[in-house]
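Structure below is run_3.txt: compact mmCIF, C-alpha atoms.
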```txt
# COMPACT_ATOMS: atom_id res chain seq x y z
CA MET J 1 28.96 32.11 134.09
CA ASP J 2 31.94 34.44 134.18
CA THR J 3 33.50 33.78 137.59
CA ARG J 4 35.13 37.21 137.59
CA SER J 5 31.70 38.86 137.21
CA SER J 6 30.32 36.59 139.90
CA ARG J 7 33.07 37.63 142.30
CA SER J 8 32.52 41.31 141.54
CA LEU J 9 28.83 40.97 142.49
CA ARG J 10 29.56 39.55 145.92
CA PRO J 11 28.79 42.04 148.70
CA ALA J 12 31.75 43.46 150.57
CA ASN J 13 32.48 41.88 153.92
CA PRO J 14 31.73 44.71 156.38
CA VAL J 15 33.69 43.16 159.26
CA ARG J 16 36.71 42.65 157.03
CA ASN J 17 36.55 46.21 155.78
CA LEU J 18 36.11 47.71 159.24
CA LEU J 19 38.89 45.67 160.85
CA ARG J 20 41.35 46.40 158.10
CA ALA J 21 40.51 50.12 158.13
CA TRP J 22 40.89 50.39 161.89
CA ARG J 23 44.08 48.33 161.93
CA MET J 24 45.62 50.54 159.26
CA ARG J 25 44.49 53.67 161.11
CA ARG J 26 46.19 52.38 164.26
CA LYS J 27 49.26 51.47 162.18
CA LEU J 28 49.26 47.88 163.43
CA SER J 29 50.35 44.80 161.54
CA GLN J 30 48.17 41.70 161.64
CA ALA J 31 50.70 40.09 163.97
CA GLU J 32 50.63 43.06 166.36
CA LEU J 33 46.84 43.22 166.45
CA ALA J 34 46.51 39.46 166.87
CA PHE J 35 48.94 39.56 169.81
CA GLU J 36 47.08 42.44 171.50
CA ALA J 37 43.72 40.67 170.98
CA GLY J 38 45.01 37.29 172.15
CA ILE J 39 44.13 35.42 168.95
CA SER J 40 46.21 33.73 166.27
CA VAL J 41 47.55 35.65 163.30
CA LYS J 42 46.06 32.99 161.04
CA HIS J 43 42.56 33.48 162.41
CA LEU J 44 42.81 37.27 162.11
CA SER J 45 44.06 36.91 158.54
CA HIS J 46 41.10 34.66 157.70
CA VAL J 47 38.66 37.14 159.24
CA GLU J 48 40.16 40.03 157.29
CA THR J 49 40.07 38.10 154.02
CA GLY J 50 36.54 36.84 154.62
CA LYS J 51 37.58 33.19 154.84
CA ALA J 52 36.33 32.95 158.43
CA ALA J 53 33.59 34.62 160.45
CA ALA J 54 34.56 36.11 163.80
CA SER J 55 32.55 35.24 166.87
CA ARG J 56 31.06 37.92 169.09
CA ASP J 57 33.79 37.41 171.70
CA ILE J 58 36.55 37.67 169.09
CA LEU J 59 35.09 40.90 167.74
CA LEU J 60 34.99 42.37 171.24
CA GLN J 61 38.59 41.30 171.83
CA LEU J 62 39.65 42.96 168.58
CA ALA J 63 37.65 46.10 169.39
CA SER J 64 39.38 46.32 172.76
CA ALA J 65 42.82 45.80 171.20
CA LEU J 66 42.04 48.55 168.69
CA ASP J 67 40.84 50.84 171.51
CA LEU J 68 37.58 51.55 169.69
CA SER J 69 34.95 53.81 171.18
CA LEU J 70 31.77 52.17 172.42
CA ARG J 71 29.92 53.53 169.37
CA ASP J 72 32.46 51.91 167.03
CA ARG J 73 32.38 48.64 169.00
CA ASN J 74 28.62 48.51 168.47
CA ALA J 75 29.15 49.17 164.76
CA LEU J 76 31.67 46.33 164.53
CA LEU J 77 29.31 43.93 166.28
CA GLU J 78 26.41 44.88 164.02
CA ALA J 79 28.62 44.42 160.96
CA GLY J 80 29.29 40.89 162.21
CA GLY J 81 25.58 40.17 162.59
CA PHE J 82 25.42 40.57 166.36
CA ALA J 83 23.36 42.78 168.63
CA ARG J 84 24.85 45.90 170.14
CA GLN J 85 26.74 45.47 173.39
CA TYR J 86 26.49 49.02 174.73
CA GLY J 87 23.40 51.12 175.32
CA GLU J 88 22.91 54.67 174.13
CA ARG J 89 20.39 56.29 176.41
CA ASP J 90 19.25 59.86 176.75
CA LEU J 91 20.97 61.67 179.59
CA ALA J 92 17.54 62.17 181.17
CA ALA J 93 17.01 58.39 181.45
CA PRO J 94 16.48 57.13 185.04
CA GLU J 95 19.41 54.71 184.62
CA LEU J 96 21.80 57.66 184.26
CA ALA J 97 20.67 59.44 187.43
CA ASP J 98 23.97 58.82 189.23
CA ALA J 99 25.92 60.24 186.29
CA ARG J 100 23.68 63.32 186.20
CA ARG J 101 24.26 63.91 189.90
CA ALA J 102 28.02 63.67 189.39
CA ILE J 103 27.88 66.14 186.50
CA ASP J 104 25.68 68.55 188.45
CA LEU J 105 28.14 68.42 191.34
CA LEU J 106 31.10 69.14 189.05
CA LEU J 107 29.34 72.11 187.50
CA SER J 108 28.13 73.61 190.76
CA ARG J 109 31.43 73.15 192.61
CA HIS J 110 33.26 74.93 189.78
CA GLU J 111 31.38 78.18 190.45
CA PRO J 112 32.08 81.06 190.07
CA PHE J 113 34.08 79.85 187.07
CA PRO J 114 32.46 78.67 183.82
CA ALA J 115 31.87 75.00 183.00
CA ILE J 116 29.82 73.32 180.28
CA VAL J 117 28.90 69.80 179.20
CA THR J 118 29.08 68.92 175.49
CA ASP J 119 28.19 65.84 173.47
CA ARG J 120 30.28 64.23 170.73
CA ARG J 121 29.15 66.87 168.22
CA TRP J 122 30.20 69.67 170.62
CA ASN J 123 26.58 70.65 171.31
CA VAL J 124 26.25 72.27 174.72
CA LYS J 125 23.97 70.03 176.79
CA GLN J 126 24.37 71.78 180.12
CA ALA J 127 26.10 74.84 181.57
CA ASN J 128 26.64 76.11 185.09
CA ARG J 129 25.46 79.56 186.14
CA ALA J 130 28.89 81.11 185.58
CA ALA J 131 29.03 79.90 181.96
CA SER J 132 25.46 81.04 181.27
CA ARG J 133 26.21 84.40 182.87
CA LEU J 134 29.34 84.93 180.78
CA MET J 135 27.75 83.86 177.49
CA THR J 136 24.69 86.02 178.18
CA MET J 137 26.92 89.03 178.82
CA LEU J 138 28.72 88.47 175.51
CA LEU J 139 25.93 87.22 173.24
CA GLY J 140 22.77 88.59 174.82
CA SER J 141 19.85 86.83 176.49
CA GLU J 142 17.97 86.23 173.23
CA ARG J 143 20.84 84.18 171.79
CA MET J 144 20.82 82.01 174.90
CA GLN J 145 17.31 80.80 174.04
CA ARG J 146 18.66 78.87 171.04
CA PRO J 147 20.90 75.76 171.00
CA LEU J 148 24.61 76.36 171.48
CA ASN J 149 27.52 74.52 169.90
CA HIS J 150 30.87 74.97 171.61
CA MET J 151 32.93 74.89 168.40
CA ARG J 152 30.56 77.05 166.38
CA MET J 153 30.36 79.63 169.15
CA PHE J 154 34.06 80.34 168.82
CA LEU J 155 34.49 79.76 165.07
CA ALA J 156 31.43 81.45 163.53
CA PRO J 157 31.86 85.15 162.67
CA ASP J 158 28.52 86.13 164.25
CA GLU J 159 28.98 84.47 167.65
CA LEU J 160 31.91 84.90 170.08
CA LYS J 161 34.53 85.78 167.48
CA PRO J 162 34.17 89.58 167.89
CA PHE J 163 34.86 89.22 171.62
CA VAL J 164 37.92 86.92 171.40
CA GLU J 165 41.05 89.06 171.34
CA ASN J 166 43.33 86.18 170.31
CA TRP J 167 40.83 84.57 167.92
CA PRO J 168 43.30 83.25 165.30
CA ILE J 169 45.19 81.27 167.96
CA VAL J 170 42.02 79.99 169.64
CA ALA J 171 40.39 79.08 166.32
CA ALA J 172 43.45 77.15 165.14
CA ALA J 173 43.59 75.20 168.42
CA LEU J 174 39.87 74.36 168.33
CA LEU J 175 40.01 73.31 164.68
CA SER J 176 42.94 71.02 165.43
CA ARG J 177 41.01 69.40 168.26
CA ALA J 178 37.80 69.10 166.23
CA ARG J 179 39.63 67.52 163.29
CA HIS J 180 41.43 65.07 165.57
CA GLU J 181 38.12 63.97 167.13
CA ALA J 182 36.38 63.73 163.75
CA MET J 183 39.20 61.64 162.27
CA ALA J 184 39.03 59.31 165.27
CA ALA J 185 35.38 58.51 164.45
CA PRO J 186 35.16 58.09 160.65
CA LEU J 187 32.03 55.91 160.94
CA ASP J 188 30.10 58.52 162.92
CA ASP J 189 28.02 60.16 160.19
CA ALA J 190 26.52 62.74 162.55
CA LEU J 191 29.93 63.87 163.77
CA GLN J 192 31.31 63.96 160.23
CA SER J 193 28.35 66.11 159.16
CA THR J 194 29.00 68.56 162.00
CA TRP J 195 32.70 68.69 161.09
CA ARG J 196 31.85 69.51 157.46
CA GLU J 197 29.48 72.26 158.63
CA LEU J 198 32.25 73.80 160.72
CA MET J 199 34.66 73.68 157.78
CA ARG J 200 32.21 75.70 155.68
CA LEU J 201 32.38 78.65 158.08
CA PRO J 202 34.14 81.70 156.57
CA GLU J 203 37.61 83.01 157.40
CA LEU J 204 38.81 79.91 159.23
CA PRO J 205 42.54 79.38 159.71
CA ALA J 206 44.00 76.39 157.87
CA PRO J 207 43.52 73.27 160.04
CA GLN J 208 46.39 71.04 161.09
CA LEU J 209 46.60 68.34 158.40
CA GLU J 210 49.07 65.88 159.93
CA ASP J 211 47.09 62.72 160.65
CA GLU J 212 49.29 61.78 163.60
CA ALA J 213 49.25 65.22 165.20
CA VAL J 214 47.65 65.26 168.66
CA PRO J 215 46.16 68.57 169.83
CA GLY J 216 47.96 70.12 172.76
CA PRO J 217 46.37 71.54 175.89
CA LEU J 218 43.68 74.12 175.31
CA CYS J 219 45.19 77.53 174.82
CA GLU J 220 44.26 80.62 176.74
CA VAL J 221 41.14 82.45 175.55
CA ARG J 222 41.13 86.21 175.98
CA LEU J 223 37.59 87.61 176.03
CA ARG J 224 36.71 91.29 176.03
CA LYS J 225 33.51 93.30 175.88
CA GLY J 226 33.92 96.99 176.54
CA GLU J 227 35.89 97.46 179.74
CA VAL J 228 35.45 93.85 180.86
CA GLY J 229 38.34 91.55 180.01
CA ILE J 230 38.62 87.89 181.06
CA GLY J 231 41.27 85.27 180.35
CA LEU J 232 40.31 81.61 180.57
CA ILE J 233 42.21 78.33 180.37
CA GLY J 234 40.16 75.18 179.80
CA ALA J 235 40.45 71.57 180.86
CA VAL J 236 38.38 68.73 179.40
CA LEU J 237 37.14 65.95 181.69
CA THR J 238 35.54 62.64 180.68
CA LEU J 239 33.42 60.33 182.81
CA GLY J 240 35.87 57.53 183.57
CA THR J 241 35.09 54.24 181.81
CA PRO J 242 31.30 54.22 181.35
CA GLN J 243 29.46 51.34 179.70
CA ASP J 244 27.02 53.67 177.94
CA VAL J 245 27.70 55.36 174.61
CA THR J 246 26.11 58.64 175.69
CA LEU J 247 28.20 58.91 178.84
CA GLN J 248 31.45 58.01 177.09
CA GLU J 249 30.91 60.78 174.57
CA LEU J 250 30.13 63.53 177.09
CA ARG J 251 32.82 66.10 177.81
CA VAL J 252 32.87 68.38 180.84
CA GLU J 253 34.76 71.51 179.85
CA MET J 254 35.91 73.47 182.89
CA PHE J 255 37.41 76.93 182.49
CA MET J 256 39.79 78.46 185.03
CA PRO J 257 40.79 82.13 185.25
CA ALA J 258 44.09 82.71 183.50
CA ASP J 259 45.20 85.40 185.93
CA ALA J 260 44.28 87.15 189.16
CA GLY J 261 42.44 89.94 187.35
CA SER J 262 40.22 87.47 185.49
CA GLU J 263 39.48 85.65 188.74
CA THR J 264 38.44 88.91 190.39
CA THR J 265 36.19 89.79 187.44
CA LEU J 266 34.45 86.40 187.44
CA ILE J 267 33.84 86.61 191.19
CA ALA J 268 32.47 90.12 190.78
CA LEU J 269 30.09 89.00 188.01
CA ALA J 270 28.83 86.20 190.24
CA SER J 271 28.20 88.58 193.11
CA GLN J 272 25.88 90.63 190.91
CA ASP J 273 23.51 87.64 190.74
CA ALA J 274 23.66 86.91 194.45
```
What do you get writing this file as structure tokens?
Amino acid sequence: MDTRSSRSLRPANPVRNLLRAWRMRRKLSQAELAFEAGISVKHLSHVETGKAAASRDILLQLASALDLSLRDRNALLEAGGFARQYGERDLAAPELADARRAIDLLLSRHEPFPAIVTDRRWNVKQANRAASRLMTMLLGSERMQRPLNHMRMFLAPDELKPFVENWPIVAAALLSRARHEAMAAPLDDALQSTWRELMRLPELPAPQLEDEAVPGPLCEVRLRKGEVGIGLIGAVLTLGTPQDVTLQELRVEMFMPADAGSETTLIALASQDA
């Protein structure tokens, strides 16, 4: 038998491939990663070359040293033949009741200013009354009956774009953020699919292409419909250090008025519903 053909038929070592890819993405040498993970360089080298199999504990140590998301840590464990470590439950699950209460409190206490909750694909999972009120004013009540995606709302030509006075700046900032998050999760097929869908939208500004570029703070968004003008500045909150994939991937996006006039307008809109 031709040994070269035999070698070419051997299946790729998924752990080896994943570790090497993540190490290169983090720009770490084997020695640096081994030091951070508390293992020997020799053992890491053998794992990456397929000469040795990593134990579950070693894989978790490496995942921690690489600062992988919980989703990617599960993928690394499964590649090594182990069960997942972290659950991925629906937000409505009874086990996540405390997290739901915390999110509800954040949203309600942020009134009369808008706040939304998004998942890893930027789908809007929850919105406070101020956010629903503002989006209904801009998009109409019928549009609010269908699913919303935070990125698509601002980037698609038939959603919020006509009402964003500084759309090129906002779109460039959002694309930079979306690309950064998509590049950080190359194994997440669902997120990659959503990213590709966004990139197919027409008239988008060119995204930031530097791999090491980190998006800055969210820029101001200037919204206008008729005589009503509102400026918003956003902040993104995460839920600490959860041990659940779903919770780790949730983002609470809280928008503050950019000026006194915008604050007055948002308070006035809230009073109309009182």
Test item: axis-aligned box, all listed atoms of segment 187-200 of chain J, 5 Å on each side, centre and edges in Å rounded to one decimal, as lines of an AutoDock Vina configuration file:
```
center_x = 30.6
center_y = 65.8
center_z = 159.7
size_x = 18.1
size_y = 29.8
size_z = 18.1
```
Open item on the list: Env of segment 74-90 of chain J: 7 Å cut, atoms = all atoms listed in the file, seq-sep filter 5 positions within chain, self excluded. Answer as a PyMOL selection string.
Closed with: chain J and resi 14-15+56+59+243-246
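Nearest residue to Leu18 of chain J, choosing from J:Leu62, J:Val117, J:Val236, J:Met199 and counting all atoms listed in the file: J:Leu62.
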Task: Distance in Å - atom CA of Leu191 of chain J versus atom CA of Arg121 of chain J - done: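 Separating atom CA of Leu191 of chain J from atom CA of Arg121 of chain J is a distance of 5.4 Å.
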- [ ] Would you list the contacts of Ala34 of chain J as a ChimeraX atom specification, taking every protein, DNA or RNA residue within 8 Å and counting only C-alpha atoms, but skipping same-chain residues closer than 5 positions in sequence?
- [x] /J:39-41,44,62
TODO: Report the distance between atom CA of Phe35 of chain J and atom CA of Leu68 of chain J in Å, rounded to one decimal place.
DONE: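 For atom CA of Phe35 of chain J relative to atom CA of Leu68 of chain J, the distance reads 16.5 Å.
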Task: Which residue of J:Gly261, J:Gly226, J:Gly231, J:Pro157 approaches Pro202 of chain J most closely, using all atoms listed in the file - done: J:Pro157
- [ ] Find the residue from J:Ala268, J:Ala37, J:Asp72, J:Leu107 that sits nearest to Ile58 of chain J; use all atoms listed in the file when measuring.
- [x] J:Ala37
Open item on the list: So the first atom is atom CA of Cys219 of chain J and the second is atom CA of Gly234 of chain J; what is the distance between them in Å, to one decimal place?
Closed with: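 Value for the atom CA of Cys219 of chain J-atom CA of Gly234 of chain J distance: 7.5 Å.
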TODO: Go through J:Ala130, J:Leu138, J:Ala99, J:Val47 and flag the residue nearest Pro242 of chain J, using only C-alpha atoms for the distances.
DONE: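 Looking only at the distances to Pro242 of chain J, the closest residue turns out to be J:Ala99.
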- [ ] Return the single residue from J:Asn123, J:Glu159, J:Arg26, J:Leu60 that is closest to Gly140 of chain J, with distances computed using all atoms listed in the file.
- [x] J:Glu159
Task: Closest of J:Phe163, J:Phe113, J:Trp195, J:Phe154 to Met254 of chain J - atom-to-atom distances counting only C-alpha atoms - done: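 Among the listed residues, the smallest separation from Met254 of chain J belongs to J:Phe113.
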